[in-house]
>>> print(open('input-v5.pdb').read())   # PDB, C-alpha atoms and all ligand atoms
ATOM      1  CA  MET A  23      15.913  26.795  22.104
ATOM      2  CA  ILE A  24      13.665  24.519  20.079
ATOM      3  CA  ASN A  25      10.040  25.415  19.959
ATOM      4  CA  SER A  26       8.196  22.203  20.858
ATOM      5  CA  ASP A  27       5.406  22.985  18.398
ATOM      6  CA  THR A  28       7.726  23.237  15.436
ATOM      7  CA  ALA A  29       9.970  20.384  16.625
ATOM      8  CA  HIS A  30       7.083  17.946  16.278
ATOM      9  CA  ALA A  31       5.399  19.591  13.320
ATOM     10  CA  LYS A  32       4.389  17.413  10.365
ATOM     11  CA  PRO A  33       6.226  18.086   7.126
ATOM     12  CA  ALA A  34       4.576  21.011   5.423
ATOM     13  CA  ILE A  35       2.760  20.328   2.170
ATOM     14  CA  THR A  36       1.952  23.648   0.651
ATOM     15  CA  PRO A  37      -1.045  23.884  -1.665
ATOM     16  CA  ILE A  38      -0.137  25.499  -4.942
ATOM     17  CA  ALA A  39      -2.207  27.165  -7.586
ATOM     18  CA  LEU A  40      -4.421  24.900  -9.685
ATOM     19  CA  ALA A  41      -2.783  26.400 -12.758
ATOM     20  CA  ALA A  42       0.349  24.355 -11.977
ATOM     21  CA  PRO A  43       0.613  21.115 -13.976
ATOM     22  CA  ALA A  44      -1.234  18.251 -12.324
ATOM     23  CA  VAL A  45      -0.806  14.678 -13.529
ATOM     24  CA  CYS A  46      -3.050  11.813 -12.427
ATOM     25  CA  PRO A  47      -0.900   9.279 -10.530
ATOM     26  CA  ALA A  48      -3.067   6.392 -11.800
ATOM     27  CA  CYS A  49      -3.359   7.043 -15.554
ATOM     28  CA  GLY A  50      -1.065   9.997 -16.255
ATOM     29  CA  GLY A  51      -4.023  12.127 -17.367
ATOM     30  CA  ARG A  52      -3.465  15.870 -17.324
ATOM     31  CA  GLY A  53      -7.135  16.812 -17.193
ATOM     32  CA  ASN A  54      -8.081  17.175 -13.539
ATOM     33  CA  ASP A  55     -10.962  18.953 -11.796
ATOM     34  CA  LEU A  56     -11.093  20.267  -8.256
ATOM     35  CA  PHE A  57     -12.518  17.561  -5.958
ATOM     36  CA  THR A  58     -12.269  19.412  -2.656
ATOM     37  CA  VAL A  59     -10.045  21.636  -0.541
ATOM     38  CA  HIS A  60      -9.568  20.169   2.923
ATOM     39  CA  HIS A  61      -7.661  22.040   5.648
ATOM     40  CA  GLY A  62      -5.803  23.984   2.981
ATOM     41  CA  MET A  63      -4.928  20.865   0.955
ATOM     42  CA  THR A  64      -6.119  20.633  -2.650
ATOM     43  CA  LEU A  65      -7.514  17.339  -3.958
ATOM     44  CA  LEU A  66      -8.146  16.842  -7.656
ATOM     45  CA  ALA A  67     -10.232  14.266  -9.535
ATOM     46  CA  CYS A  68      -8.909  12.889 -12.830
ATOM     47  CA  ARG A  69     -11.364  13.403 -15.694
ATOM     48  CA  ALA A  70     -10.192  10.208 -17.409
ATOM     49  CA  CYS A  71     -10.222   7.681 -14.540
ATOM     50  CA  SER A  72     -11.826   9.500 -11.547
ATOM     51  CA  THR A  73      -8.858   8.837  -9.260
ATOM     52  CA  VAL A  74      -8.725  11.539  -6.571
ATOM     53  CA  HIS A  75      -5.254  12.789  -5.680
ATOM     54  CA  LEU A  76      -3.569  15.318  -3.459
ATOM     55  CA  HIS A  77      -1.980  18.123  -5.435
ATOM     56  CA  PRO A  78       0.887  18.610  -5.080
ATOM     57  CA  ARG A  79       1.690  15.105  -3.891
ATOM     58  CA  PRO A  80       4.211  14.712  -1.077
ATOM     59  CA  THR A  81       7.838  13.918  -1.857
ATOM     60  CA  PRO A  82       9.107  10.396  -0.994
ATOM     61  CA  THR A  83      10.786  11.856   2.127
ATOM     62  CA  GLU A  84       7.510  13.423   3.220
ATOM     63  CA  VAL A  85       5.684  10.150   2.559
ATOM     64  CA  THR A  86       8.095   8.299   4.869
ATOM     65  CA  ALA A  87       7.518  10.872   7.630
ATOM     66  CA  LEU A  88       3.757  10.871   7.144
ATOM     67  CA  TYR A  89       3.530   7.088   6.990
ATOM     68  CA  SER A  90       5.407   6.702  10.270
ATOM     69  CA  ASP A  91       3.279   9.422  11.799
ATOM     70  CA  ALA A  92       0.120   7.592  10.724
ATOM     71  CA  TYR A  93       0.955   5.027  13.390
ATOM     72  CA  GLY A  94       1.019   7.801  15.998
ATOM     73  CA  ASN A  95       4.546   6.964  17.143
ATOM     74  CA  ALA A  96       3.626   3.331  17.514
ATOM     75  CA  SER A  97       4.616   1.556  20.675
ATOM     76  CA  GLU A  98       4.161  -1.961  21.969
ATOM     77  CA  SER A  99       0.646  -0.937  23.025
ATOM     78  CA  TYR A 100      -0.197  -0.391  19.353
ATOM     79  CA  PHE A 101       0.131  -4.117  18.831
ATOM     80  CA  ALA A 102      -2.817  -4.965  21.038
ATOM     81  CA  LYS A 103      -5.166  -7.776  20.019
ATOM     82  CA  VAL A 104      -2.248  -9.703  18.582
ATOM     83  CA  GLU A 105      -4.029 -13.057  18.649
ATOM     84  CA  LYS A 106      -6.981 -11.564  16.765
ATOM     85  CA  LYS A 107      -4.627 -10.086  14.125
ATOM     86  CA  LEU A 108      -2.786 -13.385  13.757
ATOM     87  CA  ARG A 109      -6.060 -15.307  13.372
ATOM     88  CA  ARG A 110      -7.217 -12.883  10.655
ATOM     89  CA  SER A 111      -3.851 -13.173   8.898
ATOM     90  CA  ARG A 112      -4.044 -16.974   8.998
ATOM     91  CA  ARG A 113      -7.542 -16.924   7.458
ATOM     92  CA  ARG A 114      -6.409 -14.588   4.683
ATOM     93  CA  MET A 115      -3.243 -16.598   4.096
ATOM     94  CA  ALA A 116      -5.249 -19.827   3.843
ATOM     95  CA  ALA A 117      -7.387 -18.251   1.097
ATOM     96  CA  LEU A 118      -4.338 -16.900  -0.767
ATOM     97  CA  ALA A 119      -2.432 -20.183  -0.500
ATOM     98  CA  ARG A 120      -5.249 -21.850  -2.469
ATOM     99  CA  LEU A 121      -4.626 -19.411  -5.348
ATOM    100  CA  LYS A 122      -0.871 -19.971  -5.456
ATOM    101  CA  SER A 123       0.470 -21.723  -8.512
ATOM    102  CA  THR A 124       3.192 -24.331  -8.463
ATOM    103  CA  SER A 125       6.306 -22.598  -7.263
ATOM    104  CA  HIS A 126       9.453 -22.296  -9.310
ATOM    105  CA  ILE A 127      11.284 -21.461  -6.099
ATOM    106  CA  SER A 128      11.936 -23.937  -3.284
ATOM    107  CA  PRO A 129      10.837 -23.139  -0.658
ATOM    108  CA  PRO A 130       8.282 -20.670  -2.097
ATOM    109  CA  ARG A 131       8.891 -17.045  -1.099
ATOM    110  CA  PHE A 132       6.390 -14.542   0.286
ATOM    111  CA  LEU A 133       6.795 -10.763   0.720
ATOM    112  CA  ASP A 134       4.513  -8.434   2.702
ATOM    113  CA  ILE A 135       5.096  -4.790   1.724
ATOM    114  CA  GLY A 136       4.034  -2.644   4.691
ATOM    115  CA  CYS A 137       4.182  -5.640   7.030
ATOM    116  CA  ASN A 138       3.329  -3.796  10.256
ATOM    117  CA  GLY A 139       3.931  -6.167  13.215
ATOM    118  CA  GLY A 140       4.670  -9.112  10.915
ATOM    119  CA  PHE A 141       1.398 -11.029  11.348
ATOM    120  CA  MET A 142       0.874 -11.953   7.670
ATOM    121  CA  VAL A 143       4.575 -12.815   7.366
ATOM    122  CA  GLU A 144       4.294 -15.251  10.277
ATOM    123  CA  ALA A 145       1.087 -16.701   8.814
ATOM    124  CA  ALA A 146       2.910 -17.237   5.492
ATOM    125  CA  ARG A 147       5.820 -18.963   7.247
ATOM    126  CA  GLU A 148       3.362 -21.316   8.945
ATOM    127  CA  ARG A 149       2.101 -22.214   5.431
ATOM    128  CA  GLY A 150       5.591 -23.239   4.309
ATOM    129  CA  PHE A 151       6.838 -20.003   2.749
ATOM    130  CA  GLU A 152      10.222 -18.422   3.271
ATOM    131  CA  ALA A 153       8.644 -15.183   4.461
ATOM    132  CA  TYR A 154       9.881 -11.603   4.224
ATOM    133  CA  GLY A 155       8.383  -8.383   5.590
ATOM    134  CA  LEU A 156       9.148  -4.825   4.559
ATOM    135  CA  ASP A 157       8.156  -1.655   6.397
ATOM    136  CA  ILE A 158       9.383   1.918   6.769
ATOM    137  CA  ASP A 159       8.273   2.157  10.409
ATOM    138  CA  PRO A 160      11.150   1.143  12.741
ATOM    139  CA  VAL A 161       8.814   0.346  15.670
ATOM    140  CA  SER A 162       6.903  -2.141  13.502
ATOM    141  CA  ILE A 163      10.086  -3.805  12.253
ATOM    142  CA  ASP A 164      11.509  -4.028  15.798
ATOM    143  CA  TYR A 165       8.288  -5.636  17.020
ATOM    144  CA  ALA A 166       8.187  -8.095  14.112
ATOM    145  CA  ARG A 167      11.843  -9.130  14.497
ATOM    146  CA  LYS A 168      11.408  -9.663  18.229
ATOM    147  CA  HIS A 169       8.183 -11.679  18.059
ATOM    148  CA  TYR A 170       8.594 -13.597  14.778
ATOM    149  CA  PRO A 171      12.362 -14.187  14.492
ATOM    150  CA  ALA A 172      12.088 -17.082  12.033
ATOM    151  CA  ASN A 173      11.282 -14.553   9.280
ATOM    152  CA  ARG A 174      13.261 -11.808   7.558
ATOM    153  CA  PHE A 175      12.201  -8.227   8.225
ATOM    154  CA  VAL A 176      13.680  -5.259   6.388
ATOM    155  CA  LEU A 177      13.394  -1.560   7.281
ATOM    156  CA  ALA A 178      13.234   0.071   3.845
ATOM    157  CA  THR A 179      11.022   1.356   1.073
ATOM    158  CA  LEU A 180      10.272  -1.110  -1.726
ATOM    159  CA  GLU A 181      12.263   0.977  -4.180
ATOM    160  CA  ASP A 182      15.358   0.947  -1.907
ATOM    161  CA  TYR A 183      15.010  -2.769  -1.165
ATOM    162  CA  ALA A 184      14.354  -3.949  -4.734
ATOM    163  CA  PRO A 185      17.956  -4.031  -6.058
ATOM    164  CA  ASP A 186      18.982  -6.541  -3.336
ATOM    165  CA  ALA A 187      15.741  -8.501  -3.215
ATOM    166  CA  PRO A 188      15.179 -12.071  -4.413
ATOM    167  CA  ARG A 189      12.133 -13.016  -6.536
ATOM    168  CA  PHE A 190       8.879 -13.935  -4.824
ATOM    169  CA  ASP A 191       6.002 -16.351  -5.532
ATOM    170  CA  MET A 192       3.543 -14.147  -3.682
ATOM    171  CA  ILE A 193       3.548 -10.437  -2.810
ATOM    172  CA  TYR A 194       1.001  -9.008  -0.392
ATOM    173  CA  CYS A 195       0.401  -5.275   0.019
ATOM    174  CA  SER A 196      -2.465  -4.056   2.191
ATOM    175  CA  GLU A 197      -3.332  -0.369   2.718
ATOM    176  CA  VAL A 198      -0.018   1.037   1.459
ATOM    177  CA  ILE A 199      -0.461   2.294  -2.104
ATOM    178  CA  GLU A 200      -2.754   5.167  -1.042
ATOM    179  CA  HIS A 201       0.207   6.668   0.863
ATOM    180  CA  LEU A 202       2.565   6.788  -2.114
ATOM    181  CA  ALA A 203       3.612   9.732  -4.262
ATOM    182  CA  ASP A 204       4.406   7.431  -7.213
ATOM    183  CA  PRO A 205       2.029   4.439  -7.162
ATOM    184  CA  SER A 206       2.799   3.629 -10.804
ATOM    185  CA  GLY A 207       6.551   3.253 -10.113
ATOM    186  CA  PHE A 208       5.706   1.157  -7.055
ATOM    187  CA  ILE A 209       3.515  -1.243  -9.075
ATOM    188  CA  ASP A 210       6.276  -1.580 -11.707
ATOM    189  CA  CYS A 211       8.660  -2.510  -8.891
ATOM    190  CA  VAL A 212       6.272  -5.177  -7.538
ATOM    191  CA  PHE A 213       5.978  -6.632 -11.045
ATOM    192  CA  GLU A 214       9.770  -6.902 -11.333
ATOM    193  CA  LEU A 215      10.071  -8.682  -7.976
ATOM    194  CA  LEU A 216       7.469 -11.353  -8.746
ATOM    195  CA  ALA A 217       8.549 -14.675 -10.196
ATOM    196  CA  PRO A 218       6.745 -15.741 -13.411
ATOM    197  CA  ASP A 219       3.122 -16.665 -12.591
ATOM    198  CA  GLY A 220       3.590 -15.034  -9.174
ATOM    199  CA  LEU A 221       0.500 -13.799  -7.317
ATOM    200  CA  PHE A 222      -0.028 -10.199  -6.151
ATOM    201  CA  PHE A 223      -2.677  -9.306  -3.538
ATOM    202  CA  LEU A 224      -3.453  -5.620  -3.115
ATOM    203  CA  THR A 225      -5.886  -3.638  -0.960
ATOM    204  CA  THR A 226      -6.588   0.092  -0.737
ATOM    205  CA  PRO A 227      -9.580   2.308   0.199
ATOM    206  CA  ASP A 228     -12.289   2.638  -2.483
ATOM    207  CA  ILE A 229     -13.495   6.226  -2.894
ATOM    208  CA  SER A 230     -16.251   5.053  -5.274
ATOM    209  CA  HIS A 231     -17.663   2.415  -2.890
ATOM    210  CA  TRP A 232     -21.446   2.448  -2.270
ATOM    211  CA  ARG A 233     -20.881   2.540   1.492
ATOM    212  CA  ARG A 234     -18.481   5.493   1.420
ATOM    213  CA  PRO A 235     -20.166   8.435   3.247
ATOM    214  CA  ARG A 236     -21.520  11.054   0.843
ATOM    215  CA  ASP A 237     -19.593  13.693   2.821
ATOM    216  CA  VAL A 238     -16.066  12.460   2.093
ATOM    217  CA  THR A 239     -14.673  14.132   5.224
ATOM    218  CA  ARG A 240     -16.797  11.715   7.309
ATOM    219  CA  TRP A 241     -15.097   8.692   5.697
ATOM    220  CA  ASP A 242     -12.297   7.133   7.756
ATOM    221  CA  GLY A 243     -10.438   6.348   4.521
ATOM    222  CA  PHE A 244     -10.148  10.056   3.765
ATOM    223  CA  CYS A 245      -7.076  11.334   5.561
ATOM    224  CA  PRO A 246      -4.875  13.602   3.463
ATOM    225  CA  PRO A 247      -1.959  14.177   3.415
ATOM    226  CA  SER A 248      -1.211  10.662   4.767
ATOM    227  CA  HIS A 249      -3.508   9.155   2.109
ATOM    228  CA  CYS A 250      -2.617  11.061  -1.040
ATOM    229  CA  VAL A 251      -4.160   8.852  -3.796
ATOM    230  CA  TYR A 252      -7.773   7.571  -3.749
ATOM    231  CA  PHE A 253      -8.353   4.846  -6.339
ATOM    232  CA  ASN A 254     -11.536   3.267  -7.633
ATOM    233  CA  PRO A 255     -11.594  -0.376  -8.846
ATOM    234  CA  ARG A 256     -11.464   0.641 -12.519
ATOM    235  CA  SER A 257      -8.469   2.975 -12.148
ATOM    236  CA  LEU A 258      -6.516   0.500 -10.013
ATOM    237  CA  THR A 259      -7.216  -2.377 -12.419
ATOM    238  CA  ALA A 260      -6.050  -0.250 -15.358
ATOM    239  CA  LEU A 261      -2.834   0.659 -13.519
ATOM    240  CA  LEU A 262      -2.073  -3.024 -12.854
ATOM    241  CA  ARG A 263      -2.784  -4.023 -16.474
ATOM    242  CA  ARG A 264      -0.536  -1.270 -17.808
ATOM    243  CA  ALA A 265       2.274  -2.636 -15.619
ATOM    244  CA  GLY A 266       1.817  -6.052 -17.269
ATOM    245  CA  PHE A 267      -0.325  -7.902 -14.711
ATOM    246  CA  VAL A 268      -2.940 -10.357 -15.970
ATOM    247  CA  GLY A 269      -5.982 -12.067 -14.444
ATOM    248  CA  VAL A 270      -6.953  -9.077 -12.315
ATOM    249  CA  GLU A 271      -9.822 -10.197 -10.075
ATOM    250  CA  ARG A 272     -11.704  -8.071  -7.604
ATOM    251  CA  ARG A 273     -12.738  -9.604  -4.295
ATOM    252  CA  TRP A 274     -15.977  -8.534  -2.688
ATOM    253  CA  SER A 275     -15.591  -5.987   0.108
ATOM    254  CA  PHE A 276     -18.355  -4.900   2.473
ATOM    255  CA  LYS A 277     -16.223  -2.020   3.729
ATOM    256  CA  PRO A 278     -15.285   0.819   1.321
ATOM    257  CA  GLY A 279     -12.147  -0.889   0.134
ATOM    258  CA  ILE A 280     -10.708  -2.534  -2.985
ATOM    259  CA  LYS A 281      -9.242  -6.044  -2.749
ATOM    260  CA  LEU A 282      -7.605  -7.369  -5.902
ATOM    261  CA  THR A 283      -5.557 -10.349  -6.926
ATOM    262  CA  CYS A 284      -3.571 -10.577 -10.158
ATOM    263  CA  ARG A 285      -0.617 -12.434 -11.614
ATOM    264  CA  LYS A 286       2.574 -11.837 -13.471
ATOM    265  CA  PRO A 287       2.341 -13.762 -16.767
ATOM    266  CA  ALA A 288       3.908 -17.223 -16.656
ATOM    267  CA  SER A 289       6.161 -16.320 -19.579
ATOM    268  CA  ILE A 290       7.127 -12.842 -20.680
TER     269      ILE A 290
HETATM  270 ZN    ZN B   1      -6.458   9.241 -14.154
END
>>> encode(input="input-v5.pdb", output="structure tokens")
Amino acid sequence: MINSDTAHAKPAITPIALAAPAVCPACGGRGNDLFTVHHGMTLLACRACSTVHLHPRPTPTEVTALYSDAYGNASESYFAKVEKKLRRSRRRMAALARLKSTSHISPPRFLDIGCNGGFMVEAARERGFEAYGLDIDPVSIDYARKHYPANRFVLATLEDYAPDAPRFDMIYCSEVIEHLADPSGFIDCVFELLAPDGLFFLTTPDISHWRRPRDVTRWDGFCPPSHCVYFNPRSLTALLRRAGFVGVERRWSFKPGIKLTCRKPASI
């Protein structure tokens, strides 16, 4: 007989001794101080770049389980306020389309990594892109395929999708990187998938933001183990530059979040 408690239990992430090697996922620094212990989970702060990270970080398999769980077993009811989400996506897409360079690809291609119900993908299609959406949550992909069938939706991680993927003029990734065990490898993968001069738009919570509650546990962006890496604008910018991105520009954000745009160089 299956115990219902254990059958639905989240994957266990066991805190280990601080003496174990800890490497900053943003800069690779090995000097890390204790940031906090929250519900038995240890979070460290990198001395070099101040990125806060769960230690140990979850495995990719655990990330997939946690990411899906973050949607609370999403159902159709999760996709309420669809018109509002589409309107917001269209506004954001209009702003991004103004930044797009002349495409080398016809029609230009757009990819949303962590596409949720496909709202940004549909907004990109309406702007003339051949639009693709990627997500690891099957409920999201089912919803997107059903409601926005003119686009291509793929149920996969970026790393699994990359070998078969075409090159894109624009890649959009909102509120995903904080879930990942290997954000550096992920950013390298995005860089590879962009066409020369391609635009990358990235958002993630900002642990250093002036409006972040002083008590971090009262911040809605703080939710380990689902969020396992907490960047600040400086550490995220440095990570993008190390991957080869240029023209990193931070967009203003009233909420405690980081919004950045950057480009792959036109010739490398
Ligand atoms: Zn660091």
>>> closest_residue(input="input-v5.pdb", among="A:Ser128, A:Ser162, A:Thr259, A:Asn254", to="His75 of chain A", atoms="all atoms listed in the file")
A:Asn254
>>> closest_atom_pairs(input="input-v5.pdb", of="chain A", to="ligand ZN 1 (chain B)", cutoff="9 Å", atoms="only C-alpha atoms and all ligand atoms", output="Markdown table")
| residue | atom | partner | partner_atom | distance |
| --- | --- | --- | --- | --- |
| A:Val45 | CA | B:ZN1 | ZN | 7.9 |
| A:Cys46 | CA | B:ZN1 | ZN | 4.6 |
| A:Pro47 | CA | B:ZN1 | ZN | 6.6 |
| A:Ala48 | CA | B:ZN1 | ZN | 5.0 |
| A:Cys49 | CA | B:ZN1 | ZN | 4.0 |
| A:Gly50 | CA | B:ZN1 | ZN | 5.8 |
| A:Gly51 | CA | B:ZN1 | ZN | 5.0 |
| A:Arg52 | CA | B:ZN1 | ZN | 7.9 |
| A:Gly53 | CA | B:ZN1 | ZN | 8.2 |
| A:Asn54 | CA | B:ZN1 | ZN | 8.1 |
| A:Ala67 | CA | B:ZN1 | ZN | 7.8 |
| A:Cys68 | CA | B:ZN1 | ZN | 4.6 |
| A:Arg69 | CA | B:ZN1 | ZN | 6.6 |
| A:Ala70 | CA | B:ZN1 | ZN | 5.0 |
| A:Cys71 | CA | B:ZN1 | ZN | 4.1 |
| A:Ser72 | CA | B:ZN1 | ZN | 6.0 |
| A:Thr73 | CA | B:ZN1 | ZN | 5.5 |
| A:Val74 | CA | B:ZN1 | ZN | 8.2 |
| A:Ser257 | CA | B:ZN1 | ZN | 6.9 |
>>> write_last_selection(input="input-v5.pdb", atoms="C-alpha atoms", output="mmCIF file, keeping the file's coordinate frame")
data_model
loop_
_atom_site.group_PDB
_atom_site.id
_atom_site.type_symbol
_atom_site.label_atom_id
_atom_site.label_comp_id
_atom_site.auth_asym_id
_atom_site.auth_seq_id
_atom_site.Cartn_x
_atom_site.Cartn_y
_atom_site.Cartn_z
ATOM 1 C CA VAL A 45 -0.806 14.678 -13.529
ATOM 2 C CA CYS A 46 -3.050 11.813 -12.427
ATOM 3 C CA PRO A 47 -0.900 9.279 -10.530
ATOM 4 C CA ALA A 48 -3.067 6.392 -11.800
ATOM 5 C CA CYS A 49 -3.359 7.043 -15.554
ATOM 6 C CA GLY A 50 -1.065 9.997 -16.255
ATOM 7 C CA GLY A 51 -4.023 12.127 -17.367
ATOM 8 C CA ARG A 52 -3.465 15.870 -17.324
ATOM 9 C CA GLY A 53 -7.135 16.812 -17.193
ATOM 10 C CA ASN A 54 -8.081 17.175 -13.539
ATOM 11 C CA ALA A 67 -10.232 14.266 -9.535
ATOM 12 C CA CYS A 68 -8.909 12.889 -12.830
ATOM 13 C CA ARG A 69 -11.364 13.403 -15.694
ATOM 14 C CA ALA A 70 -10.192 10.208 -17.409
ATOM 15 C CA CYS A 71 -10.222 7.681 -14.540
ATOM 16 C CA SER A 72 -11.826 9.500 -11.547
ATOM 17 C CA THR A 73 -8.858 8.837 -9.260
ATOM 18 C CA VAL A 74 -8.725 11.539 -6.571
ATOM 19 C CA SER A 257 -8.469 2.975 -12.148
#
>>> resolve_selection(input="input-v5.pdb", expression="the PyMOL selection byres (((chain A and resi 249) around 12) and not hetatm)", output="PyMOL selection string")
chain A and resi 63+65+74-77+79-80+84-86+88-89+91-92+197-203+205+226-229+242-248+250-253
>>> axis_aligned_box(input="input-v5.pdb", around="segment 164-172 of chain A", padding_each_side="6 Å", output="lines of an AutoDock Vina configuration file")
center_x = 10.3
center_y = -10.6
center_z = 15.1
size_x = 16.2
size_y = 25.1
size_z = 18.2
>>> closest_atom_pairs(input="input-v5.pdb", of="segment 125-213 of chain A", to="segment 98-118 of chain A", cutoff="9 Å", atoms="all atoms listed in the file", output="tab-separated table")
residue	atom	partner	partner_atom	distance
A:Gly139	CA	A:Phe101	CA	7.1
A:Phe141	CA	A:Leu108	CA	5.4
A:Met142	CA	A:Ser111	CA	5.0
A:Val143	CA	A:Ser111	CA	8.6
A:Glu144	CA	A:Leu108	CA	8.1
A:Ala145	CA	A:Arg112	CA	5.1
A:Ala146	CA	A:Met115	CA	6.3
A:Glu148	CA	A:Arg112	CA	8.6
A:Arg149	CA	A:Met115	CA	7.9
A:Val161	CA	A:Glu98	CA	8.2
A:Ser162	CA	A:Phe101	CA	8.8
A:Tyr165	CA	A:Glu98	CA	7.4
A:Met192	CA	A:Leu118	CA	8.8
>>> atom_distance(input="input-v5.pdb", atom1="atom CA of Leu282 of chain A", atom2="atom CA of Leu224 of chain A")
5.3 Å
>>> closest_residue(input="input-v5.pdb", among="A:Val176, A:Ala217, A:Ala288, A:Val59", to="Ile135 of chain A", atoms="only C-alpha atoms")
A:Val176
>>> atom_distance(input="input-v5.pdb", atom1="atom CA of Leu215 of chain A", atom2="atom CA of Arg189 of chain A")
5.0 Å
>>> resolve_selection(input="input-v5.pdb", expression="the PyMOL selection byres (((chain A and resi 181) around 10) and not hetatm)", output="VMD selection string")
chain A and resid 178 to 180 182 to 185 207 to 208 210 to 212
>>> write_last_selection(input="input-v5.pdb", atoms="C-alpha atoms", output="PDB file, in the coordinates of the input")
ATOM      1  CA  ALA A 178      13.234   0.071   3.845  1.00  0.00           C
ATOM      2  CA  THR A 179      11.022   1.356   1.073  1.00  0.00           C
ATOM      3  CA  LEU A 180      10.272  -1.110  -1.726  1.00  0.00           C
ATOM      4  CA  ASP A 182      15.358   0.947  -1.907  1.00  0.00           C
ATOM      5  CA  TYR A 183      15.010  -2.769  -1.165  1.00  0.00           C
ATOM      6  CA  ALA A 184      14.354  -3.949  -4.734  1.00  0.00           C
ATOM      7  CA  PRO A 185      17.956  -4.031  -6.058  1.00  0.00           C
ATOM      8  CA  GLY A 207       6.551   3.253 -10.113  1.00  0.00           C
ATOM      9  CA  PHE A 208       5.706   1.157  -7.055  1.00  0.00           C
ATOM     10  CA  ASP A 210       6.276  -1.580 -11.707  1.00  0.00           C
ATOM     11  CA  CYS A 211       8.660  -2.510  -8.891  1.00  0.00           C
ATOM     12  CA  VAL A 212       6.272  -5.177  -7.538  1.00  0.00           C
TER      13      VAL A 212
END
>>> atom_distance(input="input-v5.pdb", atom1="atom CA of Phe151 of chain A", atom2="atom CA of Arg263 of chain A")
26.8 Å
>>> closest_residue(input="input-v5.pdb", among="A:Thr225, A:Lys168, A:Leu261, A:Arg256", to="Ser275 of chain A", atoms="all atoms listed in the file")
A:Thr225
>>> resolve_selection(input="input-v5.pdb", expression="the PyMOL selection byres (((chain A and resi 220) around 8) and not hetatm)", output="ChimeraX atom specification")
/A:122-123,190-193,216-219,221-222,285-288
>>> residues_near_point(input="input-v5.pdb", point="(-13.5, 17.8, -6.4)", cutoff="6 Å", atoms="only C-alpha atoms", output="list of chain:residue names")
A:Leu56, A:Phe57, A:Thr58, A:Leu66, A:Ala67
>>> closest_residue(input="input-v5.pdb", among="A:Glu152, A:Asp157, A:His60, A:Ile163", to="Asp237 of chain A", atoms="only C-alpha atoms")
A:His60
>>> decode(input="input-v5.pdb", residues="segment 140-151 of chain A", atoms="N, CA and C atoms", output="short mmCIF file (atom, residue, chain, number, x, y, z; two decimals), in the first residue's frame")
data_model
loop_
_atom_site.label_atom_id
_atom_site.label_comp_id
_atom_site.auth_asym_id
_atom_site.auth_seq_id
_atom_site.Cartn_x
_atom_site.Cartn_y
_atom_site.Cartn_z
N GLY A 140 1.76 30.04 -23.35
CA GLY A 140 2.05 30.41 -24.74
C GLY A 140 1.67 31.84 -25.12
N PHE A 141 1.46 32.70 -24.14
CA PHE A 141 0.96 34.06 -24.42
C PHE A 141 1.99 34.91 -25.17
N MET A 142 3.26 34.87 -24.71
CA MET A 142 4.29 35.65 -25.42
C MET A 142 4.54 35.07 -26.82
N VAL A 143 4.44 33.76 -26.93
CA VAL A 143 4.66 33.11 -28.23
C VAL A 143 3.60 33.58 -29.22
N GLU A 144 2.36 33.62 -28.77
CA GLU A 144 1.27 34.09 -29.64
C GLU A 144 1.47 35.58 -29.99
N ALA A 145 1.89 36.37 -29.00
CA ALA A 145 2.13 37.79 -29.25
C ALA A 145 3.26 37.96 -30.28
N ALA A 146 4.27 37.11 -30.22
CA ALA A 146 5.38 37.17 -31.19
C ALA A 146 4.88 36.79 -32.59
N ARG A 147 4.05 35.77 -32.67
CA ARG A 147 3.50 35.36 -33.97
C ARG A 147 2.70 36.51 -34.60
N GLU A 148 1.93 37.20 -33.77
CA GLU A 148 1.14 38.33 -34.28
C GLU A 148 2.04 39.44 -34.83
N ARG A 149 3.30 39.49 -34.35
CA ARG A 149 4.27 40.49 -34.82
C ARG A 149 5.07 40.00 -36.02
N GLY A 150 4.73 38.83 -36.55
CA GLY A 150 5.38 38.36 -37.77
C GLY A 150 6.50 37.35 -37.55
N PHE A 151 6.68 36.90 -36.31
CA PHE A 151 7.71 35.89 -36.04
C PHE A 151 7.18 34.49 -36.31
#
